[in-house]
$ cat structure.cif   # mmCIF, C-alpha atoms and all ligand atoms
data_target
#
loop_
_atom_site.label_atom_id
_atom_site.label_comp_id
_atom_site.auth_asym_id
_atom_site.auth_seq_id
_atom_site.Cartn_x
_atom_site.Cartn_y
_atom_site.Cartn_z
CA MET A 1386 -5.72 -20.76 5.39
CA ASN A 1387 -6.67 -22.19 8.75
CA ASN A 1388 -4.97 -22.06 12.16
CA THR A 1389 -3.16 -25.34 11.60
CA ASP A 1390 -1.69 -24.08 8.32
CA LEU A 1391 -0.55 -20.88 10.00
CA LEU A 1392 0.99 -22.71 12.97
CA LYS A 1393 2.87 -24.92 10.56
CA VAL A 1394 4.29 -21.87 8.79
CA ALA A 1395 5.50 -20.41 12.11
CA LYS A 1396 7.03 -23.74 13.04
CA THR A 1397 8.84 -24.10 9.72
CA TYR A 1398 9.97 -20.54 9.12
CA GLY A 1399 10.15 -19.16 12.64
CA ASN A 1400 8.57 -16.01 14.02
CA PRO A 1401 7.70 -13.28 13.58
CA VAL A 1402 6.61 -14.02 10.04
CA TYR A 1403 4.28 -12.60 7.41
CA VAL A 1404 2.07 -15.01 5.47
CA TYR A 1405 0.11 -14.13 2.31
CA ASP A 1406 -2.68 -16.18 0.80
CA SER A 1407 -2.47 -16.06 -3.01
CA GLU A 1408 -6.00 -17.38 -3.37
CA LYS A 1409 -7.45 -14.40 -1.47
CA ILE A 1410 -5.46 -11.93 -3.59
CA THR A 1411 -6.74 -13.60 -6.75
CA ALA A 1412 -10.32 -13.55 -5.45
CA GLN A 1413 -10.14 -9.83 -4.65
CA PHE A 1414 -8.69 -9.08 -8.08
CA LYS A 1415 -11.50 -11.01 -9.74
CA ARG A 1416 -14.14 -9.41 -7.56
CA LEU A 1417 -13.05 -5.90 -8.53
CA THR A 1418 -12.71 -6.81 -12.20
CA ASN A 1419 -16.15 -8.34 -12.13
CA ALA A 1420 -17.67 -5.26 -10.50
CA PHE A 1421 -16.60 -3.23 -13.53
CA LYS A 1422 -17.51 -5.72 -16.21
CA GLY A 1423 -19.84 -3.05 -17.63
CA VAL A 1424 -16.92 -1.05 -19.07
CA ARG A 1425 -15.18 -2.22 -22.22
CA LYS A 1426 -11.66 -1.24 -21.21
CA LEU A 1427 -10.74 -1.65 -17.56
CA LYS A 1428 -7.23 -1.56 -16.12
CA LEU A 1429 -6.40 -2.28 -12.51
CA ASN A 1430 -2.93 -1.07 -11.60
CA TYR A 1431 -1.89 -2.67 -8.34
CA ALA A 1432 -0.32 -0.11 -5.96
CA ALA A 1433 3.07 -1.69 -5.33
CA LYS A 1434 3.75 0.22 -2.13
CA ALA A 1435 1.12 -1.80 -0.26
CA LEU A 1436 3.15 -5.01 -0.53
CA SER A 1437 6.10 -5.04 -2.85
CA ASN A 1438 7.58 -8.52 -2.61
CA ILE A 1439 8.59 -9.43 -6.14
CA ASN A 1440 6.55 -12.65 -6.06
CA ILE A 1441 3.42 -10.71 -5.16
CA LEU A 1442 4.17 -8.43 -8.12
CA ARG A 1443 4.60 -11.50 -10.34
CA LEU A 1444 1.27 -12.86 -9.11
CA MET A 1445 -0.40 -9.52 -9.95
CA ASN A 1446 1.17 -9.53 -13.40
CA SER A 1447 -0.10 -13.07 -14.02
CA LEU A 1448 -3.62 -11.93 -13.09
CA GLY A 1449 -3.45 -9.22 -15.76
CA SER A 1450 -2.89 -6.32 -13.42
CA GLY A 1451 -0.81 -3.26 -14.24
CA LEU A 1452 1.36 -1.61 -11.61
CA ASP A 1453 1.09 1.73 -9.85
CA THR A 1454 4.47 2.91 -8.58
CA VAL A 1455 5.61 5.86 -6.48
CA SER A 1456 9.40 5.67 -6.80
CA VAL A 1457 11.79 4.78 -9.58
CA GLN A 1458 12.86 1.85 -7.43
CA GLU A 1459 9.30 0.50 -7.51
CA VAL A 1460 9.35 0.96 -11.28
CA LYS A 1461 12.51 -1.15 -11.46
CA LEU A 1462 10.98 -3.79 -9.17
CA GLY A 1463 7.99 -3.96 -11.49
CA LEU A 1464 10.17 -4.40 -14.55
CA LEU A 1465 12.17 -7.08 -12.73
CA ALA A 1466 8.89 -8.84 -11.91
CA GLY A 1467 8.07 -9.00 -15.62
CA PHE A 1468 5.63 -6.11 -16.08
CA LYS A 1469 5.82 -4.55 -19.52
CA PRO A 1470 6.82 -0.88 -19.20
CA GLU A 1471 3.55 0.34 -20.69
CA THR A 1472 1.60 -1.47 -17.97
CA ILE A 1473 3.43 0.47 -15.25
CA ILE A 1474 2.39 3.95 -14.20
CA PHE A 1475 4.67 6.19 -12.17
CA THR A 1476 2.59 8.31 -9.79
CA PRO A 1477 5.04 10.07 -7.50
CA ASN A 1478 4.57 13.05 -5.23
CA GLY A 1479 7.27 15.62 -4.61
CA VAL A 1480 10.05 13.84 -6.50
CA SER A 1481 12.69 15.51 -8.65
CA LEU A 1482 12.48 16.12 -12.37
CA GLU A 1483 15.47 13.79 -12.75
CA GLU A 1484 13.60 10.90 -11.13
CA ILE A 1485 10.62 11.42 -13.42
CA GLU A 1486 12.95 11.54 -16.41
CA SER A 1487 14.64 8.31 -15.39
CA ALA A 1488 11.25 6.59 -15.05
CA ALA A 1489 10.22 7.97 -18.45
CA SER A 1490 13.44 6.63 -19.98
CA LEU A 1491 12.42 3.16 -18.78
CA GLY A 1492 9.30 3.51 -20.92
CA VAL A 1493 6.66 3.62 -18.20
CA ARG A 1494 3.71 5.97 -18.11
CA ILE A 1495 4.20 9.19 -16.19
CA ASN A 1496 1.77 10.92 -13.88
CA ILE A 1497 2.63 14.47 -12.79
CA ASP A 1498 1.00 16.15 -9.82
CA ASN A 1499 2.39 19.69 -9.76
CA LEU A 1500 2.60 22.60 -12.18
CA SER A 1501 6.29 23.31 -11.69
CA ILE A 1502 7.47 19.86 -12.79
CA LEU A 1503 4.75 19.69 -15.46
CA GLU A 1504 6.11 22.85 -17.05
CA GLN A 1505 9.73 21.69 -16.85
CA PHE A 1506 8.98 18.20 -18.13
CA GLY A 1507 6.71 19.47 -20.88
CA SER A 1508 9.31 21.99 -22.08
CA LYS A 1509 12.05 19.37 -22.26
CA HIS A 1510 10.06 16.37 -23.47
CA PRO A 1511 6.94 17.56 -25.29
CA ASP A 1512 6.68 14.21 -27.08
CA ILE A 1513 6.45 12.02 -23.98
CA PRO A 1514 2.78 11.75 -23.06
CA VAL A 1515 1.91 12.59 -19.48
CA CYS A 1516 -1.05 11.94 -17.20
CA ILE A 1517 -2.13 14.69 -14.84
CA ARG A 1518 -3.06 14.16 -11.23
CA ILE A 1519 -5.94 16.40 -10.24
CA ASN A 1520 -7.03 17.30 -6.76
CA PRO A 1521 -10.82 17.61 -6.92
CA HIS A 1522 -10.94 18.77 -3.28
CA VAL A 1523 -13.35 16.08 -2.30
CA MET A 1524 -12.80 13.95 0.74
CA ALA A 1525 -14.10 10.48 0.29
CA GLY A 1526 -14.05 9.99 4.04
CA GLY A 1527 -11.86 8.49 6.68
CA ASN A 1528 -8.87 9.39 8.78
CA SER A 1529 -7.42 12.86 8.15
CA ASN A 1530 -3.91 11.38 8.04
CA ILE A 1531 -4.78 9.51 4.91
CA SER A 1532 -7.29 11.77 3.16
CA VAL A 1533 -5.58 13.53 0.32
CA GLY A 1534 -8.38 15.49 -1.30
CA HIS A 1535 -8.65 18.45 1.09
CA ILE A 1536 -7.70 22.02 0.28
CA ASP A 1537 -4.31 21.96 2.01
CA SER A 1538 -3.30 18.60 0.57
CA LYS A 1539 0.14 18.27 -0.99
CA PHE A 1540 -1.28 15.85 -3.56
CA GLY A 1541 -2.44 16.69 -7.05
CA ILE A 1542 -3.01 19.85 -9.03
CA SER A 1543 -5.95 21.80 -7.69
CA ILE A 1544 -8.95 22.02 -10.00
CA HIS A 1545 -8.82 25.74 -9.32
CA GLN A 1546 -5.53 25.81 -11.24
CA ILE A 1547 -6.92 24.28 -14.44
CA PRO A 1548 -6.55 27.54 -16.42
CA HIS A 1549 -2.86 27.69 -15.46
CA LEU A 1550 -2.45 24.01 -16.30
CA LEU A 1551 -4.03 24.49 -19.73
CA ARG A 1552 -1.69 27.37 -20.48
CA ILE A 1553 1.32 25.17 -19.70
CA VAL A 1554 0.02 22.40 -21.93
CA GLU A 1555 -0.66 24.81 -24.77
CA LEU A 1556 2.68 26.62 -24.54
CA THR A 1557 4.78 23.45 -24.27
CA GLN A 1558 2.68 21.50 -26.79
CA MET A 1559 2.97 18.50 -24.49
CA LYS A 1560 0.65 15.54 -24.83
CA ILE A 1561 -1.78 14.64 -22.08
CA ASN A 1562 -2.89 11.00 -22.22
CA GLY A 1563 -4.67 10.60 -18.90
CA ILE A 1564 -6.43 12.32 -16.03
CA HIS A 1565 -6.01 10.97 -12.54
CA MET A 1566 -7.23 11.48 -9.01
CA HIS A 1567 -6.62 9.66 -5.76
CA THR A 1568 -8.86 11.20 -3.17
CA GLY A 1569 -7.98 9.34 -0.02
CA SER A 1570 -7.78 5.98 1.50
CA ASP A 1571 -11.40 5.24 2.36
CA ILE A 1572 -14.39 5.33 0.03
CA LEU A 1573 -17.23 5.18 2.53
CA ASP A 1574 -19.85 7.03 0.58
CA ILE A 1575 -20.20 6.07 -3.07
CA ASP A 1576 -22.11 9.22 -3.94
CA VAL A 1577 -19.23 11.36 -2.70
CA PHE A 1578 -16.89 9.36 -4.89
CA LEU A 1579 -19.19 9.76 -7.88
CA TYR A 1580 -19.30 13.47 -7.21
CA ALA A 1581 -15.48 13.62 -7.37
CA SER A 1582 -15.64 11.60 -10.58
CA GLU A 1583 -17.85 14.26 -12.16
CA ILE A 1584 -15.13 16.80 -11.48
CA LEU A 1585 -12.67 14.48 -13.19
CA PHE A 1586 -14.96 14.11 -16.24
CA GLU A 1587 -15.36 17.87 -16.41
CA THR A 1588 -11.58 18.28 -16.33
CA ALA A 1589 -11.11 15.56 -18.94
CA LYS A 1590 -13.14 17.52 -21.49
CA ASN A 1591 -10.26 20.00 -21.71
CA PHE A 1592 -8.00 17.39 -23.31
CA LYS A 1593 -8.70 15.95 -26.72
CA ASN A 1594 -6.35 12.96 -26.85
CA LEU A 1595 -6.86 11.07 -23.63
CA ASP A 1596 -6.40 7.31 -23.45
CA PHE A 1597 -7.52 6.75 -19.90
CA ILE A 1598 -9.11 8.18 -16.79
CA ASP A 1599 -7.63 6.91 -13.54
CA PHE A 1600 -9.83 7.03 -10.46
CA GLY A 1601 -7.06 6.13 -8.01
CA SER A 1602 -8.06 4.02 -5.07
CA GLY A 1603 -9.60 4.22 -1.63
CA PHE A 1604 -11.44 0.92 -1.54
CA LYS A 1605 -12.06 0.27 2.10
CA VAL A 1606 -11.75 -3.22 3.51
CA PRO A 1607 -13.07 -4.28 6.93
CA TYR A 1608 -10.45 -4.44 9.67
CA LYS A 1609 -12.73 -5.08 12.62
CA GLU A 1610 -16.24 -6.27 13.24
CA GLY A 1611 -18.79 -3.66 12.20
CA ASP A 1612 -16.44 -1.89 9.76
CA ILE A 1613 -18.01 -0.69 6.56
CA GLU A 1614 -16.37 -1.96 3.42
CA THR A 1615 -16.65 -0.19 0.09
CA ASN A 1616 -19.50 -1.70 -1.86
CA VAL A 1617 -17.46 -2.26 -5.01
CA GLU A 1618 -20.36 -3.90 -6.81
CA GLU A 1619 -22.57 -0.84 -6.36
CA LEU A 1620 -19.70 1.49 -7.22
CA GLY A 1621 -18.93 -0.65 -10.26
CA LYS A 1622 -22.48 -0.48 -11.54
CA LYS A 1623 -22.92 3.25 -11.02
CA LEU A 1624 -19.51 4.39 -12.21
CA SER A 1625 -19.49 2.06 -15.23
CA THR A 1626 -22.79 3.45 -16.47
CA ARG A 1627 -21.62 7.00 -16.01
CA PHE A 1628 -18.21 6.25 -17.55
CA ASN A 1629 -19.75 4.73 -20.67
CA GLU A 1630 -21.99 7.77 -21.03
CA PHE A 1631 -18.98 10.02 -20.72
CA CYS A 1632 -17.03 8.10 -23.37
CA LYS A 1633 -19.91 8.58 -25.81
CA GLU A 1634 -19.95 12.27 -25.06
CA TYR A 1635 -16.15 12.44 -25.38
CA GLY A 1636 -16.21 10.52 -28.65
CA LYS A 1637 -13.71 7.83 -27.74
CA GLU A 1638 -13.62 4.55 -25.83
CA LEU A 1639 -11.34 5.40 -22.91
CA THR A 1640 -9.77 3.04 -20.40
CA LEU A 1641 -11.13 3.20 -16.86
CA ALA A 1642 -8.22 2.70 -14.49
CA PHE A 1643 -7.95 2.10 -10.75
CA GLU A 1644 -4.94 1.65 -8.49
CA PRO A 1645 -6.00 -0.55 -5.60
CA GLY A 1646 -3.45 -1.55 -3.00
CA LYS A 1647 -5.19 -2.38 0.25
CA PHE A 1648 -8.24 -3.91 -1.43
CA LEU A 1649 -6.15 -6.54 -3.19
CA VAL A 1650 -3.74 -7.57 -0.44
CA SER A 1651 -4.84 -6.43 3.03
CA GLU A 1652 -7.05 -9.37 3.96
CA ALA A 1653 -4.71 -11.88 2.33
CA GLY A 1654 -2.03 -11.17 4.93
CA TYR A 1655 -1.42 -12.66 8.39
CA PHE A 1656 1.31 -11.64 10.78
CA LEU A 1657 2.40 -14.27 13.29
CA ALA A 1658 4.30 -13.37 16.45
CA LYS A 1659 5.16 -15.36 19.55
CA VAL A 1660 4.20 -14.36 23.09
CA ASN A 1661 7.38 -13.83 25.09
CA VAL A 1662 5.84 -12.73 28.36
CA VAL A 1663 2.42 -12.60 29.99
CA LYS A 1664 2.59 -9.86 32.59
CA GLN A 1665 -0.13 -9.04 35.06
CA THR A 1666 0.06 -5.48 36.45
CA THR A 1667 -2.37 -3.95 38.91
CA SER A 1668 -4.81 -3.04 36.17
CA THR A 1669 -3.94 -4.92 33.01
CA VAL A 1670 -2.78 -8.22 31.63
CA PHE A 1671 -0.12 -7.62 29.00
CA ALA A 1672 0.82 -10.13 26.34
CA SER A 1673 4.23 -9.12 24.98
CA VAL A 1674 5.11 -10.51 21.58
CA ASP A 1675 8.44 -10.83 19.79
CA SER A 1676 7.66 -7.86 17.57
CA GLY A 1677 6.71 -4.19 17.72
CA PHE A 1678 6.21 -1.17 15.51
CA ASN A 1679 9.44 -2.12 13.79
CA HIS A 1680 7.41 -4.86 12.07
CA LEU A 1681 3.82 -3.65 12.13
CA ILE A 1682 3.39 0.08 12.65
CA ARG A 1683 -0.20 0.66 11.50
CA PRO A 1684 -1.78 0.40 14.97
CA MET A 1685 0.62 3.02 16.33
CA LEU A 1686 0.82 5.25 13.24
CA TYR A 1687 -2.80 5.25 12.10
CA ASN A 1688 -4.56 3.93 15.16
CA ALA A 1689 -5.53 0.99 12.94
CA THR A 1690 -7.25 -2.00 14.48
CA HIS A 1691 -5.83 -5.34 13.46
CA GLN A 1692 -7.76 -8.27 14.87
CA ILE A 1693 -5.63 -10.52 17.04
CA THR A 1694 -6.32 -14.18 17.68
CA ASN A 1695 -4.49 -16.87 19.61
CA ILE A 1696 -3.98 -19.62 17.08
CA SER A 1697 -2.16 -21.81 19.60
CA ASN A 1698 -5.18 -22.01 21.88
CA PRO A 1699 -8.25 -21.27 19.75
CA LYS A 1700 -10.64 -23.03 22.14
CA GLY A 1701 -9.27 -21.52 25.33
CA ARG A 1702 -11.35 -19.36 27.64
CA GLU A 1703 -11.59 -15.75 26.40
CA ARG A 1704 -9.89 -13.12 28.54
CA TYR A 1705 -8.89 -9.48 28.13
CA TYR A 1706 -5.35 -8.59 27.12
CA SER A 1707 -3.33 -5.63 26.02
CA VAL A 1708 -1.08 -6.89 23.29
CA VAL A 1709 2.23 -5.03 23.22
CA GLY A 1710 5.61 -5.35 21.53
CA TYR A 1711 9.20 -5.63 22.69
CA ILE A 1712 10.37 -2.21 21.48
CA CYS A 1713 11.73 0.11 24.18
CA GLU A 1714 8.96 2.60 23.63
CA THR A 1715 5.21 2.34 23.90
CA ASP A 1716 4.17 0.01 21.11
CA THR A 1717 0.65 -1.19 21.76
CA PHE A 1718 -0.96 -3.38 19.13
CA GLY A 1719 -4.31 -3.47 20.89
CA THR A 1720 -5.85 -2.78 24.29
CA ASN A 1721 -8.58 -4.74 26.04
CA ARG A 1722 -8.76 -7.39 23.36
CA ARG A 1723 -10.81 -10.46 24.06
CA ILE A 1724 -8.48 -13.31 23.14
CA ASN A 1725 -8.48 -17.03 23.94
CA GLU A 1726 -6.35 -17.53 27.02
CA VAL A 1727 -2.74 -16.67 26.25
CA SER A 1728 0.29 -18.55 27.57
CA GLU A 1729 3.92 -17.73 27.02
CA GLY A 1730 5.05 -19.36 23.78
CA ASP A 1731 1.67 -19.08 22.06
CA ILE A 1732 1.50 -17.74 18.52
CA LEU A 1733 -0.75 -14.71 18.04
CA CYS A 1734 -2.13 -13.95 14.60
CA PHE A 1735 -2.68 -10.37 13.39
CA LYS A 1736 -5.21 -10.09 10.59
CA ASN A 1737 -5.26 -7.68 7.63
CA ALA A 1738 -1.48 -7.80 7.57
CA GLY A 1739 -1.08 -7.75 3.80
CA ALA A 1740 -1.11 -4.03 3.05
CA TYR A 1741 1.31 -1.45 4.46
CA CYS A 1742 2.71 -3.85 7.02
CA PHE A 1743 5.92 -5.47 5.82
CA THR A 1744 6.59 -2.55 3.45
CA MET A 1745 6.64 -0.19 6.43
CA ALA A 1746 8.88 -2.39 8.56
CA SER A 1747 12.20 -1.09 9.85
CA ASN A 1748 15.25 -2.20 11.80
CA TYR A 1749 14.48 -0.04 14.84
CA ASN A 1750 16.07 -1.48 18.00
CA SER A 1751 18.44 -3.32 15.65
CA ARG A 1752 15.92 -6.06 15.07
CA PHE A 1753 15.68 -8.09 11.88
CA ARG A 1754 12.82 -7.62 9.49
CA PRO A 1755 10.66 -10.76 9.41
CA ALA A 1756 10.49 -13.49 6.81
CA GLU A 1757 7.65 -13.52 4.27
CA VAL A 1758 5.85 -16.66 3.17
CA LEU A 1759 3.39 -17.18 0.34
CA TRP A 1760 0.59 -19.68 0.87
CA HIS A 1761 -0.03 -20.98 -2.62
CA GLN A 1762 -2.07 -23.99 -3.73
CA GLY A 1763 -2.01 -25.51 -0.28
CA LYS A 1764 1.72 -25.06 0.24
CA ALA A 1765 3.89 -22.62 2.14
CA ILE A 1766 6.68 -21.07 0.06
CA LEU A 1767 9.35 -18.81 1.51
CA ILE A 1768 9.45 -15.55 -0.49
CA ARG A 1769 11.77 -13.49 1.72
CA GLU A 1770 14.31 -14.71 4.17
CA ARG A 1771 14.46 -13.27 7.63
CA GLU A 1772 17.27 -10.74 7.91
CA THR A 1773 20.48 -11.64 9.67
CA PHE A 1774 23.06 -9.72 11.67
CA ASP A 1775 25.06 -9.19 8.46
CA ASP A 1776 22.12 -7.28 6.97
CA LEU A 1777 22.19 -4.88 9.91
CA ILE A 1778 25.82 -3.94 9.40
CA LYS A 1779 26.39 -4.44 5.68
CA ASN A 1780 26.12 -0.74 4.74
CA GLN A 1781 27.85 0.61 7.80
CA VAL A 1782 31.36 1.95 7.33
CA ASP A 1783 33.19 0.73 10.36
CA LEU A 1784 35.96 3.22 11.26
CA GLN A 1785 37.86 0.86 13.49
CA ASP A 1786 41.17 2.72 13.28
CA LEU A 1787 39.71 6.16 13.90
CA PHE A 1788 38.41 5.27 17.31
CA ALA A 1789 40.90 2.59 18.27
CA PRO A 1790 41.59 2.84 21.98
CA LYS A 1791 45.12 3.96 22.85
CA LYS A 1792 47.31 1.17 24.13
CA GLU A 1793 47.67 2.55 27.65
CA GLN A 1794 43.85 2.87 28.01
CA LEU A 1795 43.59 -0.80 27.36
CA THR A 1796 45.75 -1.85 30.25
CA VAL A 1797 43.69 -2.57 33.26
CA LYS A 1798 45.42 -1.55 36.47
C1 LIG B 1801 -1.08 4.46 -2.07
C2 LIG B 1801 -1.73 4.78 -3.34
C3 LIG B 1801 -2.73 3.96 -3.84
C4 LIG B 1801 -3.26 2.75 -3.12
O1 LIG B 1801 -4.14 3.08 -2.10
P1 LIG B 1801 -4.93 1.93 -1.28
O2 LIG B 1801 -5.69 2.65 -0.25
O3 LIG B 1801 -3.92 1.01 -0.73
O4 LIG B 1801 -5.78 1.22 -2.25
C5 LIG B 1801 -3.26 4.29 -5.07
N1 LIG B 1801 -2.83 5.37 -5.75
C6 LIG B 1801 -1.86 6.18 -5.30
C7 LIG B 1801 -1.42 7.34 -6.11
C8 LIG B 1801 -1.28 5.92 -4.08
O5 LIG B 1801 -0.34 6.75 -3.61
#
$ encode --input "structure.cif" --output "structure tokens" --more "lines below"
Ligand SMILES: *Cc1c(COP(=O)(O)O)cnc(C)c1O
Amino acid sequence: MNNTDLLKVAKTYGNPVYVYDSEKITAQFKRLTNAFKGVRKLKLNYAAKALSNINILRLMNSLGSGLDTVSVQEVKLGLLAGFKPETIIFTPNGVSLEEIESAASLGVRINIDNLSILEQFGSKHPDIPVCIRINPHVMAGGNSNISVGHIDSKFGISIHQIPHLLRIVELTQMKINGIHMHTGSDILDIDVFLYASEILFETAKNFKNLDFIDFGSGFKVPYKEGDIETNVEELGKKLSTRFNEFCKEYGKELTLAFEPGKFLVSEAGYFLAKVNVVKQTTSTVFASVDSGFNHLIRPMLYNATHQITNISNPKGRERYYSVVGYICETDTFGTNRRINEVSEGDILCFKNAGAYCFTMASNYNSRFRPAEVLWHQGKAILIRERETFDDLIKNQVDLQDLFAPKKEQLTVK
């Protein structure tokens, strides 16, 4: 996708708007698959929460991906998008037994990450196989908001509780078909990841009838210049070799599974917003766009850097701007960014807007969530309409009579 393509999308579908490049998603899927060509059975389960538009899910399904889901609603979206139940895995955290049961009744694979629910589920449904999410207490690196391997993490069953876990499995006679971990959002150091994998292999030896080992995700993609990205080729080589060795030792050809979200969709996404105001204060030049953390919250929530370019004036002189939103709260997308000279009406493009962007959007300030467009085979296709005023009020119960003004209050004297 080039600037002209993006400008055309904004012109046709309005702004702000999300645009996703199907070719980039496909390329990332192939790259990851290729990195693990050394293992016989590989399954990538796309993490739906990164970007859950049904057409993106359909694209993933057509590529041969499975689906990683964290709510029964995501399970239902996956089924609606054509995924076979057995290619969907439900990996929730802190949900009720009832929700897990309703996912199980839809025929999808179940991943349980705490002993309490494991014991309850196993007692009631010993015949439904379950995968266990382990916390190996290894941090693969990155921001502490998104690292889930540390000792106080709410995710997974601690490896220090394996004896307790084994007792539950033995007493309930439940079947364990997989072992899972998801250590955090950024794999920076492959050796650290391999170290966590060893803990998973060690745990796996306790279960005789596994079908798969799921290594979660954490593939890091570059957001800004100089960012390290996970070397998936190196990881693929090293982990594949070790995995094959383990399968021999275990006596069965297991499936190696991953659940990438960000890796598959982050770089495929562009967010386009229009500059409403250029405002020079004593110390800063602000470019205010027709958006805010209601549409793209990662910069404010995670301190994430999304590159911003001016696609309306790509050859203009570079100047420094603070790019901010229109929400009545501080909502800074980026400070001191060198951007080609910005005029009111220009379209700014935010990169890496595929993962955790639209899916985290809200209606704060009673604004509409943006439209979504798929760029596919050289054409722009609308895949979600922009919301309308009706969407804002459709679930509100309007108690007109309860607060109807009394007649006399209405008369103006
Ligand atoms: C969110 C999530 C993922 C995807 O993580 P990315 O960093 O987007 O690849 C994978 N597995 C589980 C269990 C998750 O919750």
$ residues_near_ligand --input "structure.cif" --ligand "ligand LIG 1801 (chain B)" --cutoff "7 Å" --atoms "only C-alpha atoms and all ligand atoms" --output "number ranges by chain"
A: 1432, 1434-1435, 1453, 1455, 1476, 1567, 1570-1571, 1601-1604, 1644-1648, 1740
$ closest_residue --input "structure.cif" --among "A:Val1424, A:Ala1395, A:Val1480, A:Ala1489" --to "Phe1628 in chain A" --atoms "all atoms listed in the file"
A:Val1424
$ atom_distance --input "structure.cif" --atom1 "CA of Val1402 in chain A" --atom2 "CA of Leu1657 in chain A"
5.3 Å
$ residues_around --input "structure.cif" --residues "Ile1584 in chain A" --least-positions-apart "2" --cutoff "10 Å" --atoms "only C-alpha atoms" --output "list in words"
Ile1519, Asn1520, Pro1521, His1522, Val1523, Ile1544, Met1566, Leu1579, Tyr1580, Ala1581, Ser1582, Phe1586, Glu1587, Thr1588 and Ala1589 of chain A
$ closest_residue --input "structure.cif" --among "A:Arg1704, A:Arg1754, A:Lys1764, A:Lys1791" --to "Tyr1403 in chain A" --atoms "all atoms listed in the file"
A:Arg1754
$ residues_around --input "structure.cif" --residues "range 1691-1698 of chain A" --least-positions-apart "2" --cutoff "8 Å" --atoms "all atoms listed in the file" --output "ChimeraX atom specification"
/A:1388-1389,1391-1392,1608-1609,1684,1689,1700-1701,1718-1719,1722,1724-1727,1731-1738
$ residues_around --input "structure.cif" --residues "Asn1629 in chain A" --least-positions-apart "6" --cutoff "12 Å" --atoms "all atoms listed in the file" --output "list in words"
Phe1421, Lys1422, Gly1423, Val1424, Arg1425, Lys1426, Leu1427, Phe1586, Ile1598, Gly1621, Lys1622, Lys1623, Tyr1635, Gly1636, Lys1637, Glu1638, Leu1639, Thr1640 and Leu1641 of chain A
$ closest_residue --input "structure.cif" --among "A:Leu1500, A:Met1745, A:Leu1482, A:Leu1444" --to "Leu1759 in chain A" --atoms "all atoms listed in the file"
A:Leu1444
$ axis_aligned_box --input "structure.cif" --around "range 1765-1779 of chain A" --padding-each-side "4 Å" --output "AutoDock Vina command-line options"
--center_x 15.1 --center_y -13.3 --center_z 5.6 --size_x 30.5 --size_y 26.7 --size_z 20.2
$ residues_around --input "structure.cif" --residues "range 1667-1675 of chain A" --least-positions-apart "4" --cutoff "8 Å" --atoms "only C-alpha atoms" --output "list of chain:residue names"
A:Asn1400, A:Pro1401, A:Ala1658, A:Lys1659, A:Val1660, A:Asn1661, A:Val1662, A:Val1663, A:Tyr1705, A:Tyr1706, A:Ser1707, A:Val1708, A:Val1709, A:Gly1710, A:Tyr1711, A:Val1727
$ closest_residue --input "structure.cif" --among "A:Ile1502, A:Leu1551, A:Thr1717, A:Lys1560" --to "Leu1595 in chain A" --atoms "all atoms listed in the file"
A:Lys1560
$ residues_near_point --input "structure.cif" --point "(11.2, 2.0, 19.9)" --cutoff "8 Å" --atoms "all atoms listed in the file" --output "number ranges by chain"
A: 1677-1679, 1712-1716, 1749-1750
$ residues_around --input "structure.cif" --residues "Arg1416 in chain A" --least-positions-apart "3" --cutoff "12 Å" --atoms "all atoms listed in the file" --output "PyMOL selection string"
chain A and resi 1409-1413+1419-1422+1429+1616-1618+1621+1648-1649
$ closest_residue --input "structure.cif" --among "A:Leu1573, A:Asp1786, A:Ser1676, A:Asn1688" --to "Thr1615 in chain A" --atoms "only C-alpha atoms"
A:Leu1573
$ closest_residue --input "structure.cif" --among "A:Ile1473, A:Val1394, A:Lys1605, A:Gln1558" --to "Tyr1655 in chain A" --atoms "all atoms listed in the file"
A:Val1394
$ atom_distance --input "structure.cif" --atom1 "CA of Thr1472 in chain A" --atom2 "CA of Leu1436 in chain A"
17.9 Å
